[in-house]
file model_9.cif (mmCIF, C-alpha atoms and all ligand atoms)
data_my_file
loop_
_atom_site.label_atom_id
_atom_site.label_comp_id
_atom_site.auth_asym_id
_atom_site.auth_seq_id
_atom_site.Cartn_x
_atom_site.Cartn_y
_atom_site.Cartn_z
CA MET A 1 -89.34 62.70 -16.83
CA VAL A 2 -87.44 65.73 -17.93
CA LEU A 3 -86.73 66.72 -14.34
CA LEU A 4 -85.81 63.24 -13.44
CA ARG A 5 -83.53 63.06 -16.44
CA ARG A 6 -81.84 66.35 -15.38
CA VAL A 7 -81.37 65.06 -11.91
CA SER A 8 -79.99 61.87 -13.30
CA VAL A 9 -77.57 63.67 -15.51
CA ALA A 10 -76.55 66.00 -12.72
CA GLY A 11 -76.19 63.05 -10.37
CA ALA A 12 -74.18 61.18 -12.88
CA ILE A 13 -71.87 64.15 -13.31
CA VAL A 14 -71.42 64.44 -9.54
CA ILE A 15 -70.70 60.73 -9.23
CA VAL A 16 -68.26 60.78 -12.13
CA ALA A 17 -66.55 63.87 -10.70
CA ALA A 18 -66.27 62.23 -7.32
CA VAL A 19 -64.84 59.04 -8.77
CA VAL A 20 -62.35 60.92 -10.94
CA GLY A 21 -61.41 63.11 -8.01
CA THR A 22 -60.76 60.09 -5.77
CA LEU A 23 -58.76 58.38 -8.45
CA LEU A 24 -56.73 61.56 -9.01
CA ALA A 25 -56.13 61.87 -5.27
CA ARG A 26 -54.99 58.28 -5.05
CA GLU A 27 -52.79 58.79 -8.10
CA LEU A 28 -51.21 61.80 -6.44
CA VAL A 29 -50.42 60.16 -3.10
CA GLY A 30 -49.76 56.57 -3.94
CA GLY A 31 -48.92 55.99 -7.57
CA GLY A 32 -51.16 52.95 -7.17
CA GLU A 33 -54.68 52.09 -6.44
CA ARG A 34 -54.37 52.16 -2.66
CA ALA A 35 -53.26 54.85 -0.27
CA SER A 36 -49.57 55.21 0.50
CA LEU A 37 -47.87 55.09 3.89
CA THR A 38 -44.58 56.67 4.78
CA VAL A 39 -42.38 54.38 6.84
CA THR A 40 -38.70 54.23 7.76
CA VAL A 41 -36.86 51.20 6.41
CA ALA A 42 -33.40 50.55 7.84
CA GLY A 43 -32.99 54.25 8.55
CA ARG A 44 -34.38 55.56 5.24
CA SER A 45 -37.77 57.05 4.53
CA ALA A 46 -39.83 55.04 2.07
CA HIS A 47 -43.37 54.67 0.78
CA VAL A 48 -45.45 51.54 0.76
CA VAL A 49 -49.07 51.00 -0.14
CA GLU A 50 -51.56 50.53 2.58
CA GLY A 51 -51.92 46.94 3.69
CA THR A 52 -48.26 46.10 3.12
CA THR A 53 -47.00 43.62 5.67
CA LEU A 54 -43.61 43.60 7.32
CA ALA A 55 -42.59 40.60 5.19
CA GLY A 56 -43.89 42.37 2.06
CA ALA A 57 -41.84 45.46 2.80
CA ALA A 58 -38.76 43.32 3.50
CA ALA A 59 -39.16 41.63 0.11
CA ARG A 60 -39.80 44.90 -1.72
CA PHE A 61 -36.77 46.66 -0.23
CA GLY A 62 -34.52 43.61 -0.44
CA LEU A 63 -33.92 43.42 3.31
CA HIS A 64 -31.94 40.32 4.26
CA LEU A 65 -31.54 38.86 7.70
CA ARG A 66 -28.13 37.34 8.23
CA ALA A 67 -28.30 34.31 10.52
CA GLY A 68 -25.65 33.67 13.18
CA ASP A 69 -24.09 30.32 14.01
CA VAL A 70 -24.11 28.33 17.22
CA LEU A 71 -20.46 27.77 18.14
CA ASP A 72 -19.00 25.18 20.44
CA VAL A 73 -16.79 26.05 23.40
CA ASN A 74 -13.74 26.14 21.11
CA GLY A 75 -15.37 28.47 18.60
CA LYS A 76 -16.08 25.79 16.01
CA VAL A 77 -19.39 26.04 14.13
CA LEU A 78 -21.80 23.57 15.66
CA ARG A 79 -25.05 24.63 13.96
CA ALA A 80 -24.62 26.92 10.98
CA GLY A 81 -27.28 29.61 10.62
CA ALA A 82 -29.14 28.48 13.70
CA VAL A 83 -29.44 31.95 15.25
CA PRO A 84 -31.94 33.79 13.01
CA GLY A 85 -31.94 37.53 12.55
CA ARG A 86 -35.19 39.46 13.01
CA PHE A 87 -37.03 42.60 12.10
CA LEU A 88 -38.01 45.12 14.69
CA LEU A 89 -41.01 47.34 14.23
CA ASP A 90 -40.55 50.56 16.19
CA GLY A 91 -37.88 48.81 18.20
CA ARG A 92 -40.04 45.86 19.12
CA PRO A 93 -40.12 42.34 17.71
CA ALA A 94 -42.99 41.90 15.24
CA SER A 95 -44.41 39.05 13.21
CA ALA A 96 -43.83 38.92 9.46
CA GLY A 97 -47.54 39.22 8.76
CA MET A 98 -47.96 42.48 10.72
CA ARG A 99 -49.46 45.28 8.57
CA LEU A 100 -47.48 48.47 8.52
CA ARG A 101 -48.85 51.77 9.70
CA SER A 102 -47.74 55.21 8.73
CA GLY A 103 -44.63 56.29 10.61
CA ASP A 104 -43.51 52.72 11.37
CA ARG A 105 -39.78 52.14 11.68
CA ILE A 106 -38.39 48.84 10.38
CA THR A 107 -35.00 47.82 11.75
CA VAL A 108 -32.95 44.83 10.61
CA VAL A 109 -31.17 42.93 13.40
CA ASP A 110 -28.80 40.22 12.16
CA GLY A 111 -28.41 37.01 14.12
CA HIS A 112 -25.18 37.04 16.11
CA ASP A 113 -22.96 34.01 16.60
CA ARG A 114 -23.75 32.47 19.92
CA ARG A 115 -21.66 30.10 22.01
CA GLU A 116 -23.35 26.95 23.19
CA PRO A 117 -24.41 26.98 26.84
CA LEU A 118 -22.23 25.33 29.47
CA VAL A 119 -23.24 22.57 31.81
CA ARG A 120 -21.63 21.74 35.13
CA ARG A 121 -21.54 18.28 36.59
CA ILE A 122 -20.29 16.96 39.92
CA VAL A 123 -18.70 13.54 39.91
CA ARG A 124 -17.72 11.92 43.17
CA VAL A 125 -14.31 10.27 42.76
CA SER A 126 -14.28 6.81 44.25
CA GLY A 127 -10.94 6.00 45.83
CA GLY A 128 -9.74 9.58 45.53
CA MET A 129 -7.49 11.37 43.07
CA PRO A 130 -3.72 11.56 42.75
CA SER A 131 -2.49 15.14 42.89
CA ASP A 132 -1.32 16.95 39.75
CA PRO A 133 1.63 17.29 39.80
CA GLN A 134 1.96 13.99 41.59
CA PHE A 135 4.91 13.48 43.96
CA THR A 136 3.80 10.44 45.93
CA VAL A 137 1.62 7.35 45.68
CA SER A 138 -1.40 8.84 47.38
CA ARG A 139 -4.97 9.76 46.70
CA THR A 140 -7.12 12.55 47.99
CA PRO A 141 -10.86 11.94 48.46
CA GLY A 142 -13.22 14.39 46.84
CA GLU A 143 -15.23 15.21 43.78
CA GLN A 144 -14.65 16.57 40.34
CA VAL A 145 -16.47 19.62 39.05
CA ILE A 146 -16.70 19.10 35.30
CA VAL A 147 -17.74 21.95 33.01
CA SER A 148 -18.48 21.13 29.39
CA GLY A 149 -20.41 22.37 26.36
CA ALA A 150 -24.10 21.45 26.64
CA LEU A 151 -24.35 20.50 22.96
CA SER A 152 -20.84 19.41 21.96
CA HIS A 153 -19.95 17.85 25.35
CA GLU A 154 -16.46 19.34 24.79
CA LEU A 155 -14.61 19.66 28.05
CA VAL A 156 -14.02 23.19 29.35
CA SER A 157 -12.56 22.51 32.76
CA VAL A 158 -12.20 19.83 35.38
CA ARG A 159 -11.57 20.95 38.91
CA PHE A 160 -10.99 18.65 41.80
CA ARG A 161 -12.43 19.57 45.19
CA SER A 162 -10.94 17.60 48.02
CA SER A 163 -13.12 16.49 50.90
CA GLY A 164 -10.34 15.35 53.22
CA PRO A 165 -6.61 14.81 53.62
CA ALA A 166 -4.58 12.77 51.10
CA ARG A 167 -4.42 9.05 51.86
CA VAL A 168 -0.86 7.80 51.39
CA GLU A 169 -0.68 4.20 50.26
CA ARG A 170 1.65 1.65 51.80
CA ALA A 171 3.27 1.40 48.43
CA VAL A 172 6.36 2.62 46.61
CA ALA A 173 6.66 3.29 42.88
CA LEU A 174 9.96 2.69 41.11
CA THR A 175 10.18 4.81 37.96
CA PHE A 176 12.77 4.60 35.17
CA ASP A 177 13.46 7.58 32.90
CA ASP A 178 15.24 8.30 29.63
CA GLY A 179 14.82 4.92 27.91
CA PRO A 180 14.20 2.77 26.12
CA SER A 181 17.85 1.81 25.75
CA PRO A 182 18.73 -1.31 23.75
CA GLN A 183 21.67 -1.79 26.07
CA TYR A 184 20.04 -1.45 29.50
CA THR A 185 16.25 -1.63 29.23
CA PRO A 186 16.11 -5.40 28.49
CA ARG A 187 18.37 -6.10 31.47
CA ILE A 188 16.38 -3.88 33.80
CA LEU A 189 13.17 -5.52 32.60
CA ALA A 190 14.66 -8.95 33.21
CA ALA A 191 15.71 -7.96 36.74
CA LEU A 192 12.28 -6.51 37.56
CA THR A 193 10.54 -9.59 36.17
CA LYS A 194 12.73 -11.86 38.26
CA LEU A 195 11.93 -9.76 41.34
CA ARG A 196 8.23 -9.69 40.35
CA VAL A 197 8.12 -5.92 40.41
CA ARG A 198 5.86 -3.76 38.30
CA ALA A 199 7.41 -0.37 37.63
CA THR A 200 6.81 2.73 35.54
CA PHE A 201 8.94 3.73 32.53
CA PHE A 202 8.92 7.35 31.36
CA VAL A 203 10.19 6.96 27.83
CA ILE A 204 11.55 9.55 25.42
CA GLY A 205 9.46 9.76 22.23
CA TYR A 206 12.24 9.52 19.66
CA LEU A 207 13.83 6.58 21.47
CA ALA A 208 10.47 4.80 21.70
CA GLU A 209 10.10 5.36 17.96
CA ALA A 210 13.53 3.85 17.37
CA ASN A 211 12.96 0.90 19.75
CA PRO A 212 9.24 0.11 19.58
CA ASP A 213 9.75 -3.52 20.58
CA LEU A 214 11.25 -2.47 23.90
CA VAL A 215 8.16 -0.38 24.66
CA ARG A 216 5.93 -3.31 23.68
CA GLN A 217 7.98 -5.57 25.93
CA GLU A 218 7.53 -3.15 28.84
CA LEU A 219 3.79 -3.22 28.30
CA ARG A 220 3.70 -7.01 27.94
CA LEU A 221 5.44 -7.39 31.28
CA GLY A 222 2.78 -5.26 32.99
CA MET A 223 4.87 -2.13 33.32
CA THR A 224 3.27 1.30 32.99
CA VAL A 225 4.72 3.36 30.15
CA GLY A 226 4.56 7.14 30.57
CA ASN A 227 5.53 10.07 28.38
CA HIS A 228 8.86 11.85 28.94
CA SER A 229 8.49 14.27 25.95
CA TYR A 230 9.58 13.59 22.40
CA ASN A 231 13.06 15.17 22.31
CA HIS A 232 13.87 15.54 26.02
CA PRO A 233 14.81 19.24 25.68
CA GLN A 234 16.52 20.58 28.80
CA VAL A 235 17.86 24.02 27.86
CA PRO A 236 16.00 26.20 28.67
CA PRO A 237 14.26 24.26 31.47
CA PHE A 238 11.31 22.39 29.95
CA ALA A 239 8.62 24.45 31.72
CA ARG A 240 10.11 27.62 30.20
CA LEU A 241 9.86 26.47 26.58
CA PRO A 242 7.62 28.59 24.33
CA PRO A 243 4.07 27.32 25.03
CA GLN A 244 3.49 25.89 21.55
CA LEU A 245 6.78 23.99 21.58
CA LEU A 246 6.03 22.68 25.06
CA ARG A 247 2.62 21.40 23.94
CA ASP A 248 4.13 19.84 20.81
CA GLU A 249 6.75 18.00 22.85
CA ILE A 250 4.09 16.53 25.13
CA ALA A 251 1.61 15.75 22.34
CA LEU A 252 4.20 14.16 20.04
CA GLY A 253 5.57 11.96 22.82
CA GLU A 254 2.02 10.85 23.61
CA GLN A 255 1.26 10.09 19.95
CA ILE A 256 4.21 7.70 19.69
CA LEU A 257 3.11 5.90 22.85
CA SER A 258 -0.52 5.69 21.75
CA ARG A 259 0.60 4.09 18.48
CA LEU A 260 2.44 1.46 20.52
CA GLY A 261 -0.63 0.79 22.64
CA ALA A 262 0.41 2.64 25.80
CA ARG A 263 -2.28 4.92 27.18
CA PRO A 264 -1.38 5.75 30.75
CA HIS A 265 -1.56 9.53 30.18
CA LEU A 266 1.24 10.23 32.64
CA PHE A 267 3.81 12.85 31.77
CA ARG A 268 7.15 13.46 33.42
CA PRO A 269 8.80 16.68 32.23
CA PRO A 270 12.53 16.39 31.42
CA GLY A 271 14.61 17.38 34.43
CA GLY A 272 11.42 17.49 36.53
CA SER A 273 10.97 21.05 35.35
CA THR A 274 7.46 22.14 36.25
CA SER A 275 5.25 25.20 36.61
CA PRO A 276 1.52 25.85 36.99
CA GLY A 277 1.44 26.62 33.24
CA LEU A 278 3.06 23.30 32.40
CA VAL A 279 0.58 21.42 34.60
CA ARG A 280 -2.31 23.22 32.89
CA ALA A 281 -0.92 22.55 29.41
CA THR A 282 -0.42 18.88 30.28
CA ALA A 283 -3.92 18.58 31.76
CA ALA A 284 -5.38 20.17 28.63
CA LEU A 285 -3.80 17.29 26.68
CA GLY A 286 -5.46 14.80 29.02
CA GLN A 287 -2.35 13.94 31.00
CA ARG A 288 -1.13 14.25 34.54
CA VAL A 289 2.32 15.46 35.59
CA VAL A 290 4.23 12.92 37.65
CA LEU A 291 7.36 13.97 39.51
CA TRP A 292 9.03 12.11 42.38
CA SER A 293 9.79 12.32 46.09
CA LEU A 294 13.03 10.33 46.18
CA ASP A 295 16.07 10.85 43.93
CA PRO A 296 19.05 8.61 44.78
CA ALA A 297 21.05 10.30 41.97
CA ASP A 298 21.71 7.15 39.94
CA TRP A 299 22.23 9.57 37.04
CA SER A 300 25.36 10.96 38.68
CA PRO A 301 28.37 9.21 37.02
CA GLY A 302 30.09 8.66 40.38
CA SER A 303 27.18 6.84 42.08
CA SER A 304 27.91 3.21 42.95
CA ALA A 305 25.25 0.52 43.34
CA LYS A 306 25.83 0.54 47.09
CA GLU A 307 25.37 4.31 47.35
CA ILE A 308 22.21 4.23 45.25
CA THR A 309 20.75 1.47 47.41
CA LYS A 310 21.68 3.25 50.63
CA ARG A 311 20.13 6.53 49.51
CA VAL A 312 16.88 4.83 48.54
CA LEU A 313 16.54 2.78 51.72
CA ALA A 314 17.47 5.70 53.97
CA ALA A 315 14.72 7.90 52.57
CA VAL A 316 11.99 5.56 51.40
CA ARG A 317 8.61 5.80 53.13
CA PRO A 318 5.02 4.92 52.32
CA GLY A 319 4.01 6.59 49.06
CA SER A 320 7.54 7.31 47.81
CA ILE A 321 8.01 7.71 44.07
CA VAL A 322 11.64 6.84 43.31
CA ILE A 323 13.34 8.17 40.19
CA LEU A 324 15.86 5.87 38.52
CA HIS A 325 17.12 5.66 34.93
CA ASP A 326 17.28 2.94 32.30
CA GLY A 327 18.80 5.23 29.65
CA GLY A 328 20.95 8.31 29.20
CA GLY A 329 24.30 6.80 30.27
CA ASP A 330 25.95 3.83 31.92
CA ARG A 331 23.18 2.19 33.99
CA THR A 332 25.25 -0.68 35.39
CA ALA A 333 25.08 0.68 38.94
CA THR A 334 21.30 1.09 38.78
CA LEU A 335 20.92 -2.45 37.47
CA THR A 336 23.19 -3.86 40.17
CA ALA A 337 21.37 -1.94 42.91
CA LEU A 338 17.87 -3.15 41.97
CA PRO A 339 17.65 -6.44 43.96
CA ALA A 340 18.82 -4.80 47.19
CA ILE A 341 16.49 -1.82 46.69
CA VAL A 342 13.50 -4.09 46.11
CA ARG A 343 14.30 -6.35 49.07
CA GLY A 344 14.86 -3.36 51.38
CA ILE A 345 11.55 -1.75 50.42
CA ARG A 346 9.63 -5.00 50.89
CA HIS A 347 11.37 -5.54 54.20
CA ARG A 348 9.70 -2.33 55.40
CA GLY A 349 6.30 -3.82 54.59
CA LEU A 350 5.80 -1.68 51.52
CA GLN A 351 4.40 -2.90 48.23
CA LEU A 352 5.99 -2.05 44.89
CA VAL A 353 3.49 -0.70 42.38
CA ALA A 354 3.36 0.68 38.87
CA LEU A 355 1.67 4.06 38.64
CA THR A 356 -1.74 4.16 37.05
CA ALA A 357 -3.89 6.85 35.58
CA LYS A 358 -7.22 5.12 35.44
CA PRO A 359 -9.87 7.73 34.93
CA PRO A 360 -12.01 7.94 38.03
CA LYS A 361 -15.27 6.05 37.68
CA PRO A 362 -18.23 8.40 37.83
CA GLN A 363 -20.25 7.61 40.92
CA ASN A 364 -23.52 9.19 42.00
CA ALA A 365 -23.12 11.68 39.16
CA THR A 366 -25.54 14.52 39.62
CA GLY A 367 -26.29 17.08 36.98
CA HIS A 368 -26.09 20.69 38.06
CA PRO A 369 -26.80 22.81 35.02
ZN ZN A 401 14.92 12.58 31.66
#
call {"tool": "encode", "arguments": {"input": "model_9.cif", "output": "structure tokens", "more": "lines below"}}
Ligand SMILES: [Zn+2]
result
Amino acid sequence: MVLLRRVSVAGAIVIVAAVVGTLLARELVGGGERASLTVTVAGRSAHVVEGTTLAGAAARFGLHLRAGDVLDVNGKVLRAGAVPGRFLLDGRPASAGMRLRSGDRITVVDGHDRREPLVRRIVRVSGGMPSDPQFTVSRTPGEQVIVSGALSHELVSVRFRSSGPARVERAVALTFDDGPSPQYTPRILAALTKLRVRATFFVIGYLAEANPDLVRQELRLGMTVGNHSYNHPQVPPFARLPPQLLRDEIALGEQILSRLGARPHLFRPPGGSTSPGLVRATAALGQRVVLWSLDPADWSPGSSAKEITKRVLAAVRPGSIVILHDGGGDRTATLTALPAIVRGIRHRGLQLVALTAKPPKPQNATGHP
């Protein structure tokens, strides 16, 4: 009994000593009840208790992951915070529940803004496409390569790939610039109606604003109404205007016409001033540049009706786009010349047409991501 008791006491002392020693050791290394690990958190050395998870360490050290946004092709936020940040453990992605080991390195990687992916589509153009800039009444067969944002469907680019030579129509387009004019436009409309001709009017924005009923009358009579800029600036040449001003002139002219119900999306730059940059800027606004192939100089103060007629009939051919004017000066000669011009063109077996800008109908569209 005595021996046993001694042993018991001795054993108890040993056990107590061992327990105290362990507790002391744990106190020394961890400051807690479990062992401590040394890890690197965002570049700094730190201690965590054994069993700490990645998420636990993130919470304890106040690590925040900034999420990035998904942007559309124009840089607008499409899905805020949709690109999450993440933690890396020793440079590798790790799950939040992963337990840390001594020497682990935790890195915070914020989510970066990401642009939406692009998709590319091929659309066969039935009937072909007019050229841009357009000089004649003709269409080129081919297909459109359309690139747009996969999520926003915002257009990035449209490129036309021709698959053959342009087909010139047996048609002529009479176009009238610089109106509407209260003095001449009604008379020119009356003459065209009497001759049963549909023509195209490229109107100046501020004049359309001042004479909206004339634009409505043009539309009612089946004429096409196109955009000829808002102010008709000519100095410097239109294509050399500062880009923002150039875009504003086109966009403002188009706004006036849209309000009046005209949506042909055809633009004729003042003075016919063009450049690749102008064509691109116009296309970006959803419009096509229309120029001409035949200028009988009715704008020249000395031109008589006879001379205007002669110049048109001497040069007209299938596909001609003829530039005339219903504003910007005395248009008596133009008005007087119209019946002979129309008769002469028809006599050559050519039809008189108004220009159109119908969007091509998608046909056999095939997705090519
Ligand atoms: Zn003009």
call {"tool": "atom_distance", "arguments": {"input": "model_9.cif", "atom1": "CA of His265 in chain A", "atom2": "CA of Asn227 in chain A"}}
result
7.3 Å
call {"tool": "residues_around", "arguments": {"input": "model_9.cif", "residues": "range 33-47 of chain A", "least_positions_apart": "2", "cutoff": "6 Å", "atoms": "all atoms listed in the file", "output": "list in words"}}
result
Gly30, Val49, Glu50, Ser102, Gly103, Asp104, Arg105, Ile106 and Thr107 of chain A
call {"tool": "write_last_selection", "arguments": {"input": "model_9.cif", "atoms": "C-alpha atoms", "output": "compact mmCIF listing (two decimals), keeping the file's coordinate frame"}}
result
# COMPACT_ATOMS: atom_id res chain seq x y z
CA GLY A 30 -49.76 56.57 -3.94
CA VAL A 49 -49.07 51.00 -0.14
CA GLU A 50 -51.56 50.53 2.58
CA SER A 102 -47.74 55.21 8.73
CA GLY A 103 -44.63 56.29 10.61
CA ASP A 104 -43.51 52.72 11.37
CA ARG A 105 -39.78 52.14 11.68
CA ILE A 106 -38.39 48.84 10.38
CA THR A 107 -35.00 47.82 11.75
call {"tool": "atom_distance", "arguments": {"input": "model_9.cif", "atom1": "CA of Gly51 in chain A", "atom2": "CA of Asp90 in chain A"}}
result
17.3 Å
call {"tool": "closest_residue", "arguments": {"input": "model_9.cif", "among": "A:Pro84, A:Leu221, A:Val119, A:Pro93", "to": "Lys194 in chain A", "atoms": "only C-alpha atoms"}}
result
A:Leu221
call {"tool": "residues_near_ligand", "arguments": {"input": "model_9.cif", "ligand": "ligand ZN 401 (chain A)", "cutoff": "6 Å", "atoms": "all atoms listed in the file", "output": "VMD selection string"}}
result
chain A and resid 177 to 178 270 to 271
call {"tool": "closest_residue", "arguments": {"input": "model_9.cif", "among": "A:Ala210, A:Ile204, A:Met98, A:Val235", "to": "Gly328 in chain A", "atoms": "only C-alpha atoms"}}
result
A:Ile204
call {"tool": "atom_distance", "arguments": {"input": "model_9.cif", "atom1": "CA of Asp113 in chain A", "atom2": "CA of Ala55 in chain A"}}
result
23.6 Å
call {"tool": "residues_near_point", "arguments": {"input": "model_9.cif", "point": "(25.3, -6.3, 40.2)", "cutoff": "12 Å", "atoms": "all atoms listed in the file", "output": "ChimeraX atom specification"}}
result
/A:187-188,191,304-306,309,331-341
call {"tool": "residues_around", "arguments": {"input": "model_9.cif", "residues": "Ala281 in chain A", "least_positions_apart": "5", "cutoff": "12 Å", "atoms": "all atoms listed in the file", "output": "PyMOL selection string"}}
result
chain A and resi 132-133+239+241-251+267+269+274-276+286-289
call {"tool": "residues_around", "arguments": {"input": "model_9.cif", "residues": "Arg259 in chain A", "least_positions_apart": "2", "cutoff": "12 Å", "atoms": "all atoms listed in the file", "output": "list in words"}}
result
Gly205, Ala208, Glu209, Pro212, Val215, Arg216, Leu252, Gly253, Glu254, Gln255, Ile256, Leu257, Gly261, Ala262 and Arg263 of chain A
call {"tool": "residues_around", "arguments": {"input": "model_9.cif", "residues": "Gly272 in chain A", "least_positions_apart": "6", "cutoff": "9 Å", "atoms": "all atoms listed in the file", "output": "ChimeraX atom specification"}}
result
/A:237-239,290-292
call {"tool": "build_atoms", "arguments": {"input": "model_9.cif", "residues": "range 218-231 of chain A", "atoms": "N, CA, C and O atoms", "output": "PDB file, in the frame of the given file"}}
result
ATOM      1  N   GLU A 218       7.884  -3.756  27.551  1.00  0.00           N
ATOM      2  CA  GLU A 218       7.530  -3.150  28.840  1.00  0.00           C
ATOM      3  C   GLU A 218       6.045  -3.355  29.137  1.00  0.00           C
ATOM      4  O   GLU A 218       5.655  -3.746  30.241  1.00  0.00           O
ATOM      5  N   LEU A 219       5.237  -3.094  28.120  1.00  0.00           N
ATOM      6  CA  LEU A 219       3.790  -3.220  28.300  1.00  0.00           C
ATOM      7  C   LEU A 219       3.388  -4.682  28.548  1.00  0.00           C
ATOM      8  O   LEU A 219       2.552  -4.963  29.413  1.00  0.00           O
ATOM      9  N   ARG A 220       4.010  -5.587  27.798  1.00  0.00           N
ATOM     10  CA  ARG A 220       3.700  -7.010  27.940  1.00  0.00           C
ATOM     11  C   ARG A 220       3.999  -7.510  29.350  1.00  0.00           C
ATOM     12  O   ARG A 220       3.301  -8.365  29.879  1.00  0.00           O
ATOM     13  N   LEU A 221       5.041  -6.947  29.942  1.00  0.00           N
ATOM     14  CA  LEU A 221       5.440  -7.390  31.280  1.00  0.00           C
ATOM     15  C   LEU A 221       4.654  -6.684  32.386  1.00  0.00           C
ATOM     16  O   LEU A 221       4.982  -6.820  33.568  1.00  0.00           O
ATOM     17  N   GLY A 222       3.645  -5.896  31.993  1.00  0.00           N
ATOM     18  CA  GLY A 222       2.780  -5.260  32.990  1.00  0.00           C
ATOM     19  C   GLY A 222       3.325  -3.963  33.554  1.00  0.00           C
ATOM     20  O   GLY A 222       2.857  -3.482  34.589  1.00  0.00           O
ATOM     21  N   MET A 223       4.341  -3.415  32.866  1.00  0.00           N
ATOM     22  CA  MET A 223       4.870  -2.130  33.320  1.00  0.00           C
ATOM     23  C   MET A 223       3.955  -1.013  32.795  1.00  0.00           C
ATOM     24  O   MET A 223       3.281  -1.175  31.780  1.00  0.00           O
ATOM     25  N   THR A 224       3.977   0.122  33.503  1.00  0.00           N
ATOM     26  CA  THR A 224       3.270   1.300  32.990  1.00  0.00           C
ATOM     27  C   THR A 224       4.278   2.085  32.159  1.00  0.00           C
ATOM     28  O   THR A 224       5.431   2.229  32.553  1.00  0.00           O
ATOM     29  N   VAL A 225       3.837   2.551  30.987  1.00  0.00           N
ATOM     30  CA  VAL A 225       4.720   3.360  30.150  1.00  0.00           C
ATOM     31  C   VAL A 225       4.161   4.770  30.098  1.00  0.00           C
ATOM     32  O   VAL A 225       3.018   4.977  29.681  1.00  0.00           O
ATOM     33  N   GLY A 226       4.963   5.729  30.559  1.00  0.00           N
ATOM     34  CA  GLY A 226       4.560   7.140  30.570  1.00  0.00           C
ATOM     35  C   GLY A 226       5.387   7.935  29.575  1.00  0.00           C
ATOM     36  O   GLY A 226       6.382   7.453  29.024  1.00  0.00           O
ATOM     37  N   ASN A 227       4.961   9.156  29.381  1.00  0.00           N
ATOM     38  CA  ASN A 227       5.530  10.070  28.380  1.00  0.00           C
ATOM     39  C   ASN A 227       6.606  10.954  29.036  1.00  0.00           C
ATOM     40  O   ASN A 227       6.382  11.545  30.080  1.00  0.00           O
ATOM     41  N   HIS A 228       7.777  11.012  28.393  1.00  0.00           N
ATOM     42  CA  HIS A 228       8.860  11.850  28.940  1.00  0.00           C
ATOM     43  C   HIS A 228       9.283  12.880  27.878  1.00  0.00           C
ATOM     44  O   HIS A 228      10.452  13.217  27.794  1.00  0.00           O
ATOM     45  N   SER A 229       8.315  13.318  27.056  1.00  0.00           N
ATOM     46  CA  SER A 229       8.490  14.270  25.950  1.00  0.00           C
ATOM     47  C   SER A 229       9.077  13.556  24.735  1.00  0.00           C
ATOM     48  O   SER A 229       9.513  12.413  24.840  1.00  0.00           O
ATOM     49  N   TYR A 230       9.063  14.230  23.612  1.00  0.00           N
ATOM     50  CA  TYR A 230       9.580  13.590  22.400  1.00  0.00           C
ATOM     51  C   TYR A 230      11.102  13.712  22.283  1.00  0.00           C
ATOM     52  O   TYR A 230      11.789  12.746  22.011  1.00  0.00           O
ATOM     53  N   ASN A 231      11.623  14.921  22.519  1.00  0.00           N
ATOM     54  CA  ASN A 231      13.060  15.170  22.310  1.00  0.00           C
ATOM     55  C   ASN A 231      13.883  15.281  23.592  1.00  0.00           C
ATOM     56  O   ASN A 231      15.098  15.409  23.531  1.00  0.00           O
TER      57      ASN A 231
END
